[in-house]
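Next comes coords17.txt, a file with compact mmCIF, C-alpha atoms and all ligand atoms.
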```txt
# COMPACT_ATOMS: atom_id res chain seq x y z
CA MET T 1 -41.68 52.37 68.52
CA LEU T 2 -44.03 52.01 65.53
CA LYS T 3 -44.35 48.84 63.60
CA PRO T 4 -43.02 49.07 59.97
CA GLY T 5 -46.61 48.52 58.54
CA VAL T 6 -48.07 51.41 60.60
CA CYS T 7 -45.18 53.69 59.60
CA ARG T 8 -45.75 52.92 55.89
CA GLY T 9 -49.48 53.78 56.30
CA ILE T 10 -48.66 57.18 57.82
CA ILE T 11 -46.18 57.97 55.02
CA ILE T 12 -48.73 57.02 52.32
CA ARG T 13 -51.46 59.21 53.97
CA ARG T 14 -49.07 62.15 54.21
CA CYS T 15 -48.06 61.71 50.56
CA LEU T 16 -51.73 61.67 49.49
CA ILE T 17 -52.49 64.85 51.46
CA GLY T 18 -49.43 66.47 49.88
CA VAL T 19 -50.55 65.50 46.38
CA ILE T 20 -54.09 66.86 47.03
CA TRP T 21 -52.61 70.17 48.28
CA LEU T 22 -50.35 70.34 45.24
CA LEU T 23 -53.27 69.74 42.86
CA ALA T 24 -55.36 72.36 44.66
CA LEU T 25 -52.54 74.92 44.38
CA LEU T 26 -52.06 74.18 40.68
CA ALA T 27 -55.81 74.51 40.02
CA GLY T 28 -55.86 77.86 41.86
CA ALA T 29 -52.87 79.17 39.98
CA ARG T 30 -54.42 78.09 36.66
CA THR T 31 -57.68 79.90 37.47
CA LEU T 32 -55.83 83.08 38.42
CA ALA T 33 -53.71 82.90 35.28
CA GLN T 34 -56.80 82.54 33.11
CA LEU T 35 -58.83 85.30 34.76
CA PRO T 36 -57.41 88.31 32.87
CA ARG T 37 -57.53 86.45 29.58
CA ARG T 38 -61.20 85.62 30.15
CA ILE T 39 -61.94 89.32 30.69
CA ASP T 40 -59.87 90.31 27.66
CA ARG T 41 -61.74 87.86 25.46
CA THR T 42 -65.10 89.45 26.33
CA PRO T 43 -66.30 91.12 23.11
CA PRO T 44 -66.60 94.92 23.41
CA ALA T 45 -70.16 96.15 23.80
CA THR T 46 -71.42 97.57 20.54
CA GLY T 47 -74.53 99.59 19.70
CA VAL T 48 -74.92 100.76 23.28
CA ALA T 49 -75.87 104.42 23.50
CA VAL T 50 -73.38 106.42 25.53
CA LYS T 51 -75.08 107.87 28.57
CA PRO T 52 -74.66 111.64 28.45
CA PRO T 53 -72.77 113.22 31.32
CA LEU T 54 -74.95 113.98 34.30
CA LEU T 55 -74.50 117.70 33.67
CA TRP T 56 -76.56 117.39 30.47
CA VAL T 57 -79.47 116.10 32.46
CA LEU T 58 -79.16 118.03 35.69
CA PRO T 59 -77.61 121.46 35.31
CA GLY T 60 -76.18 122.18 38.72
CA GLU T 61 -78.80 121.80 41.40
CA ALA T 62 -81.76 121.84 39.04
CA ILE T 63 -84.90 121.12 41.00
CA ASN T 64 -88.45 122.30 41.25
CA ARG T 65 -88.17 125.13 43.76
CA TRP T 66 -91.15 126.43 45.67
CA GLN T 67 -92.12 129.51 47.61
CA GLY T 68 -95.30 128.37 49.30
CA THR T 69 -97.51 127.23 46.43
CA ARG T 70 -95.64 129.32 43.85
CA LEU T 71 -93.18 127.51 41.61
CA LEU T 72 -89.92 129.50 41.44
CA SER T 73 -88.03 127.10 39.19
CA LEU T 74 -89.19 124.30 36.96
CA TRP T 75 -87.16 121.24 36.20
CA ARG T 76 -89.78 118.50 35.70
CA GLY T 77 -93.56 118.83 35.40
CA ASP T 78 -96.22 116.82 37.21
CA VAL T 79 -95.17 113.15 37.10
CA ASN T 80 -98.83 112.15 37.42
CA ARG T 81 -99.78 113.86 34.16
CA ARG T 82 -99.13 112.31 30.78
CA GLU T 83 -97.63 115.49 29.33
CA VAL T 84 -94.33 116.79 28.01
CA THR T 85 -93.05 120.16 26.87
CA LEU T 86 -90.94 120.81 23.78
CA THR T 87 -88.57 123.75 24.16
CA PHE T 88 -86.45 125.36 21.44
CA ASP T 89 -83.49 127.46 22.55
CA ASP T 90 -81.19 130.01 20.94
CA GLY T 91 -83.49 131.49 18.26
CA PRO T 92 -85.00 133.27 16.60
CA HIS T 93 -83.49 132.66 13.17
CA PRO T 94 -85.75 134.38 10.62
CA ALA T 95 -85.71 131.66 7.93
CA PHE T 96 -85.25 128.61 10.12
CA THR T 97 -87.77 129.51 12.83
CA ALA T 98 -90.37 130.03 10.11
CA ARG T 99 -89.89 126.40 8.98
CA LEU T 100 -90.10 125.18 12.58
CA LEU T 101 -93.31 127.16 13.11
CA ASP T 102 -94.80 125.73 9.89
CA LEU T 103 -94.02 122.22 11.14
CA LEU T 104 -95.52 122.81 14.60
CA LYS T 105 -98.65 124.29 12.98
CA ARG T 106 -99.03 121.20 10.75
CA GLU T 107 -98.54 118.92 13.76
CA LYS T 108 -100.84 121.02 15.99
CA VAL T 109 -98.22 121.22 18.73
CA LYS T 110 -97.63 124.19 21.04
CA ALA T 111 -94.05 124.69 22.21
CA THR T 112 -91.85 127.16 24.08
CA PHE T 113 -89.09 129.22 22.45
CA PHE T 114 -86.30 130.48 24.72
CA VAL T 115 -85.04 133.36 22.61
CA VAL T 116 -81.84 135.41 22.77
CA GLY T 117 -82.45 139.16 23.16
CA LYS T 118 -79.99 140.41 20.53
CA LYS T 119 -81.47 137.98 17.96
CA VAL T 120 -84.95 139.18 18.90
CA ASP T 121 -83.88 142.72 18.02
CA GLU T 122 -82.72 141.46 14.61
CA ALA T 123 -85.95 139.53 13.88
CA PRO T 124 -88.79 140.95 16.01
CA GLU T 125 -91.45 139.90 13.47
CA THR T 126 -90.46 136.23 13.98
CA VAL T 127 -91.08 136.54 17.73
CA ALA T 128 -94.44 138.18 17.03
CA ARG T 129 -95.37 135.19 14.84
CA ILE T 130 -94.31 132.70 17.58
CA VAL T 131 -96.76 134.36 19.97
CA ARG T 132 -99.51 134.78 17.34
CA GLU T 133 -99.44 131.04 16.71
CA GLY T 134 -100.04 130.20 20.37
CA HIS T 135 -96.53 129.31 21.51
CA GLU T 136 -94.77 130.64 24.57
CA VAL T 137 -91.74 132.91 24.35
CA GLY T 138 -89.18 132.63 27.14
CA ASN T 139 -86.14 134.73 28.02
CA HIS T 140 -82.66 133.24 27.33
CA THR T 141 -80.55 136.35 28.20
CA TYR T 142 -79.58 139.15 25.82
CA ASN T 143 -76.15 137.86 24.72
CA HIS T 144 -76.40 134.15 25.55
CA VAL T 145 -73.74 134.33 28.25
CA ASN T 146 -72.72 132.18 31.20
CA LEU T 147 -74.36 134.12 34.04
CA ASP T 148 -72.11 132.52 36.65
CA LYS T 149 -69.23 134.58 35.27
CA LEU T 150 -71.04 137.89 35.67
CA SER T 151 -71.60 140.27 38.55
CA ARG T 152 -75.10 140.64 39.98
CA GLU T 153 -75.58 143.90 38.07
CA GLN T 154 -74.44 142.40 34.75
CA ALA T 155 -76.62 139.29 35.22
CA GLU T 156 -79.64 141.47 35.96
CA LYS T 157 -78.97 143.51 32.82
CA GLU T 158 -78.72 140.36 30.65
CA ILE T 159 -82.14 139.25 31.82
CA SER T 160 -83.89 142.63 31.88
CA HIS T 161 -82.58 143.70 28.43
CA ALA T 162 -83.79 140.46 26.86
CA SER T 163 -87.14 140.85 28.55
CA ALA T 164 -87.44 144.38 27.14
CA SER T 165 -86.55 143.18 23.61
CA ILE T 166 -89.21 140.48 23.77
CA GLN T 167 -91.83 142.94 24.99
CA ARG T 168 -90.96 145.35 22.16
CA ALA T 169 -91.25 142.54 19.62
CA CYS T 170 -94.50 140.92 20.68
CA GLY T 171 -95.99 142.97 23.52
CA ILE T 172 -95.70 140.14 26.03
CA LYS T 173 -93.52 140.02 29.11
CA PRO T 174 -91.83 136.58 29.28
CA LEU T 175 -92.74 134.55 32.37
CA SER T 176 -90.11 131.87 31.86
CA PHE T 177 -86.35 132.29 31.91
CA ARG T 178 -83.77 129.67 31.00
CA PRO T 179 -80.13 130.40 31.88
CA PRO T 180 -77.74 129.49 29.02
CA GLY T 181 -76.07 126.17 29.75
CA GLY T 182 -78.20 125.88 32.90
CA HIS T 183 -75.57 127.94 34.77
CA HIS T 184 -77.23 129.52 37.72
CA SER T 185 -76.72 130.76 41.25
CA GLU T 186 -78.83 132.59 43.79
CA ILE T 187 -78.15 135.79 41.85
CA VAL T 188 -79.83 134.28 38.78
CA TYR T 189 -82.91 133.22 40.74
CA GLN T 190 -83.19 136.70 42.21
CA ALA T 191 -82.58 138.50 38.90
CA ALA T 192 -85.22 136.37 37.15
CA ALA T 193 -87.70 136.94 39.97
CA LYS T 194 -87.14 140.70 39.63
CA GLN T 195 -88.39 140.37 36.03
CA GLY T 196 -91.34 138.29 37.21
CA ALA T 197 -89.93 135.17 35.52
CA ARG T 198 -89.61 131.59 36.68
CA VAL T 199 -86.25 129.82 36.14
CA VAL T 200 -86.66 126.85 33.81
CA PHE T 201 -84.23 123.97 33.33
CA TRP T 202 -84.84 120.68 31.49
CA THR T 203 -85.00 116.95 32.06
CA ASP T 204 -84.08 115.57 28.63
CA ASP T 205 -81.17 116.88 26.59
CA PRO T 206 -80.37 114.89 23.43
CA GLY T 207 -77.45 117.22 22.62
CA ASP T 208 -78.96 118.26 19.27
CA PHE T 209 -76.76 121.39 19.22
CA ALA T 210 -73.87 119.10 18.15
CA LYS T 211 -75.93 118.07 15.09
CA PRO T 212 -75.96 114.28 15.43
CA ALA T 213 -78.12 112.26 13.01
CA PRO T 214 -81.92 112.65 13.44
CA ASP T 215 -82.35 109.05 14.71
CA VAL T 216 -79.65 109.65 17.34
CA ILE T 217 -81.46 112.78 18.58
CA MET T 218 -84.71 110.81 18.70
CA ALA T 219 -83.20 107.84 20.60
CA ARG T 220 -81.50 110.11 23.14
CA THR T 221 -84.70 112.09 23.66
CA LEU T 222 -86.74 108.98 24.33
CA LYS T 223 -84.14 107.29 26.53
CA ASP T 224 -85.28 108.66 29.90
CA LEU T 225 -88.46 110.41 28.80
CA GLY T 226 -91.53 110.21 31.04
CA ASN T 227 -94.44 112.16 32.51
CA GLY T 228 -93.53 115.81 32.98
CA SER T 229 -90.46 115.67 30.74
CA ASP T 230 -89.06 119.04 29.73
CA ILE T 231 -87.28 118.40 26.42
CA LEU T 232 -84.38 120.67 25.47
CA LEU T 233 -83.99 121.17 21.71
CA HIS T 234 -82.52 123.98 19.65
CA ASP T 235 -83.97 126.31 17.04
CA GLY T 236 -81.73 126.34 13.95
CA ILE T 237 -80.71 122.66 13.82
CA GLU T 238 -81.66 120.90 10.58
CA GLN T 239 -81.41 117.40 12.10
CA THR T 240 -83.87 118.41 14.84
CA LEU T 241 -86.35 119.62 12.25
CA GLN T 242 -86.04 116.32 10.36
CA MET T 243 -86.52 114.29 13.56
CA LEU T 244 -89.52 116.21 14.96
CA PRO T 245 -92.44 114.63 13.03
CA ALA T 246 -91.35 111.14 14.13
CA LEU T 247 -90.85 112.26 17.75
CA ILE T 248 -94.25 113.96 17.86
CA ALA T 249 -95.97 110.91 16.34
CA ARG T 250 -94.25 108.57 18.80
CA LEU T 251 -95.14 110.70 21.84
CA ARG T 252 -98.76 111.01 20.67
CA ARG T 253 -98.93 107.25 20.19
CA ASP T 254 -97.62 106.85 23.75
CA GLY T 255 -100.45 109.07 25.01
CA TYR T 256 -98.54 112.28 25.79
CA GLN T 257 -100.08 115.76 25.53
CA PHE T 258 -97.89 118.68 24.46
CA VAL T 259 -97.99 121.72 26.72
CA THR T 260 -96.00 124.93 26.99
CA VAL T 261 -93.60 125.48 29.89
CA SER T 262 -96.04 127.83 31.64
CA GLU T 263 -98.91 125.36 31.25
CA MET T 264 -96.70 122.64 32.72
CA ALA T 265 -95.81 124.92 35.64
CA ARG T 266 -99.49 125.78 36.19
CA HIS T 267 -100.45 122.10 36.30
CA LEU T 268 -97.67 121.46 38.79
CA GLU T 269 -98.84 124.34 41.00
CA THR T 270 -102.44 123.07 40.88
CA SER T 271 -101.45 119.58 41.98
CA HIS T 272 -99.11 121.05 44.64
CA ARG T 273 -101.98 123.08 46.09
CA GLY T 274 -104.13 119.95 46.22
CA LYS T 275 -101.65 118.11 48.47
ZN ZN T 301 -78.81 128.40 24.78
```
What would you get if you wrote out this structure as structure tokens?
Amino acid sequence: MLKPGVCRGIIIRRCLIGVIWLLALLAGARTLAQLPRRIDRTPPATGVAVKPPLLWVLPGEAINRWQGTRLLSLWRGDVNRREVTLTFDDGPHPAFTARLLDLLKREKVKATFFVVGKKVDEAPETVARIVREGHEVGNHTYNHVNLDKLSREQAEKEISHASASIQRACGIKPLSFRPPGGHHSEIVYQAAAKQGARVVFWTDDPGDFAKPAPDVIMARTLKDLGNGSDILLHDGIEQTLQMLPALIARLRRDGYQFVTVSEMARHLETSHRGK
């Protein structure tokens, strides 16, 4: 039998433990109750550029593809060279392309134009001028169609007809082919190879086709830009034309050289052979 004093001590200790447990439970409950409110009170992030969907950057399985030392498809150039390529898709547009060419001449920049065959037939003299001024002309199909939705025969026709239009316009067979939207399959690789053309994708797509403000196009272009960047722009976009002098100046200041797609591919092949 316990003495009354000992019994009182045990009761007091048990009460204290109980109170501590109770306080701990209350503190825990309070923390849990506050948690969602703390998250809700976090101010929304503002001024943060929305990262474009991955598809904009990597169309399908876009990679540099090799057959021995020959580059079959170009996505990014040599990461050890301080160079980029400017590409302009979906032209020619007689009046607009002329303004773009004037700008590139003033800036002493050589670029690559991925032209659409049926537009080439409407403005062959513009394509001749592109070549005369030292730029590269690439094939972008005849009707600007999604090649994944076509049969092998239709896809081959899209590429070969555009190639024929370009040759009629400027006397040069295009060595680069860019599938509209980047949609491609083995059929596309094979059809391009049949025309002696390399499949070209891109690394940087600022989405200028949607006509955002010039500074938005510039910021998106620079976001992930680096050595060997292949920049996708569009012929016929006013905001792109307005943005270009600033982009060119910035890239020059950062030490980049401007090359055409075929030059970029050649440099890549040279460094590949050296490995
Ligand atoms: Zn296009």
Counting all atoms listed in the file, what residues are within 8 Å of ligand ZN 301 (chain T), given as a PyMOL selection string?
-> chain T and resi 89-90+114+116+140+144+179-181+234
For region 240-244 of chain T, please output as a PyMOL selection string all residues within 9 Å (counting only C-alpha atoms; exclusion window: fewer than 3 positions along the same chain).
-> chain T and resi 99-100+103-104+208-209+211-215+217-218+233-237+247-249
With C-alpha atoms retained, could you export that selection as an mmCIF file, in the frame of the given file?
```
data_model
loop_
_atom_site.group_PDB
_atom_site.id
_atom_site.type_symbol
_atom_site.label_atom_id
_atom_site.label_comp_id
_atom_site.auth_asym_id
_atom_site.auth_seq_id
_atom_site.Cartn_x
_atom_site.Cartn_y
_atom_site.Cartn_z
ATOM 1 C CA ARG T 99 -89.890 126.400 8.980
ATOM 2 C CA LEU T 100 -90.100 125.180 12.580
ATOM 3 C CA LEU T 103 -94.020 122.220 11.140
ATOM 4 C CA LEU T 104 -95.520 122.810 14.600
ATOM 5 C CA ASP T 208 -78.960 118.260 19.270
ATOM 6 C CA PHE T 209 -76.760 121.390 19.220
ATOM 7 C CA LYS T 211 -75.930 118.070 15.090
ATOM 8 C CA PRO T 212 -75.960 114.280 15.430
ATOM 9 C CA ALA T 213 -78.120 112.260 13.010
ATOM 10 C CA PRO T 214 -81.920 112.650 13.440
ATOM 11 C CA ASP T 215 -82.350 109.050 14.710
ATOM 12 C CA ILE T 217 -81.460 112.780 18.580
ATOM 13 C CA MET T 218 -84.710 110.810 18.700
ATOM 14 C CA LEU T 233 -83.990 121.170 21.710
ATOM 15 C CA HIS T 234 -82.520 123.980 19.650
ATOM 16 C CA ASP T 235 -83.970 126.310 17.040
ATOM 17 C CA GLY T 236 -81.730 126.340 13.950
ATOM 18 C CA ILE T 237 -80.710 122.660 13.820
ATOM 19 C CA LEU T 247 -90.850 112.260 17.750
ATOM 20 C CA ILE T 248 -94.250 113.960 17.860
ATOM 21 C CA ALA T 249 -95.970 110.910 16.340
#
```
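Every polymer residue reaching to within 7 Å of (-84.7, 113.6, 28.5), counting only C-alpha atoms, appears in this list: Thr203, Asp204, Asp205, Pro206, Thr221, Leu222, Lys223, Asp224, Leu225, Ser229 and Ile231 of chain T.
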Extract, using only C-alpha atoms, all DNA, RNA and protein residues at most 12 Å from Lys157 (chain T), discarding same-chain residues fewer than 2 positions from it, and format them as a PyMOL selection string.
-> chain T and resi 117+141-143+145+147+150-155+159-165+187-188+191-192+194-195
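Our summary of the geometry notes that CA of Val115 (chain T) is positioned 12.1 Å from CA of Pro94 (chain T).
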Do a neighbour search on Asn80 (chain T) at 9 Å with all atoms listed in the file, toss out local chain neighbours closer than 2 positions, and write the hits as a PDB file with C-alpha atoms, keeping the file's coordinate frame.
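File written: around_1.pdb
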```
ATOM      1  CA  GLY T  77     -93.560 118.830  35.400  1.00  0.00           C
ATOM      2  CA  ASP T  78     -96.220 116.820  37.210  1.00  0.00           C
ATOM      3  CA  ARG T  82     -99.130 112.310  30.780  1.00  0.00           C
ATOM      4  CA  GLU T  83     -97.630 115.490  29.330  1.00  0.00           C
ATOM      5  CA  ASN T 227     -94.440 112.160  32.510  1.00  0.00           C
ATOM      6  CA  GLY T 228     -93.530 115.810  32.980  1.00  0.00           C
TER       7      GLY T 228
END
```
For region 255-259 of chain T, list every protein, DNA or RNA residue within 8 Å, evaluated using all atoms listed in the file, and leave out those in the same chain fewer than 4 positions away; present the list as a count of residues only.
-> 12
In Å, with one decimal, what is the gap from CA of Gly171 (chain T) to CA of Val131 (chain T)?
-> 9.3 Å
Using all atoms listed in the file, which residues sit within 10 Å of Gln190 (chain T) once same-chain residues fewer than 5 positions away are excluded, as a list in words?
-> Leu72, Arg152, Ala155, Glu156, Ser185, Gln195, Gly196, Ala197, Arg198 and Val199 of chain T
Please measure the separation of CA of Leu71 (chain T) and CA of Asn146 (chain T), giving the value in Å to one decimal.
-> 23.4 Å
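When all atoms listed in the file are used to compute distances to Ala98 (chain T), the closest of the residues T:Thr112, T:Thr126, T:Thr270, T:Ser73 turns out to be T:Thr126.
With distances taken over all atoms listed in the file, T:Pro174 is the one residue among T:Asp148, T:Pro174, T:Glu122, T:Leu268 lying closest to Glu136 (chain T).
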For Gln67 (chain T), which residue out of T:Trp202, T:Leu101, T:Ala193, T:Gly274 is the nearest one, using all atoms listed in the file?
-> T:Ala193
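With all atoms listed in the file as the atoms that count, the residue of T:Asp254, T:Val261, T:Leu232, T:Ser176 with the shortest distance to Arg220 (chain T) is T:Leu232.
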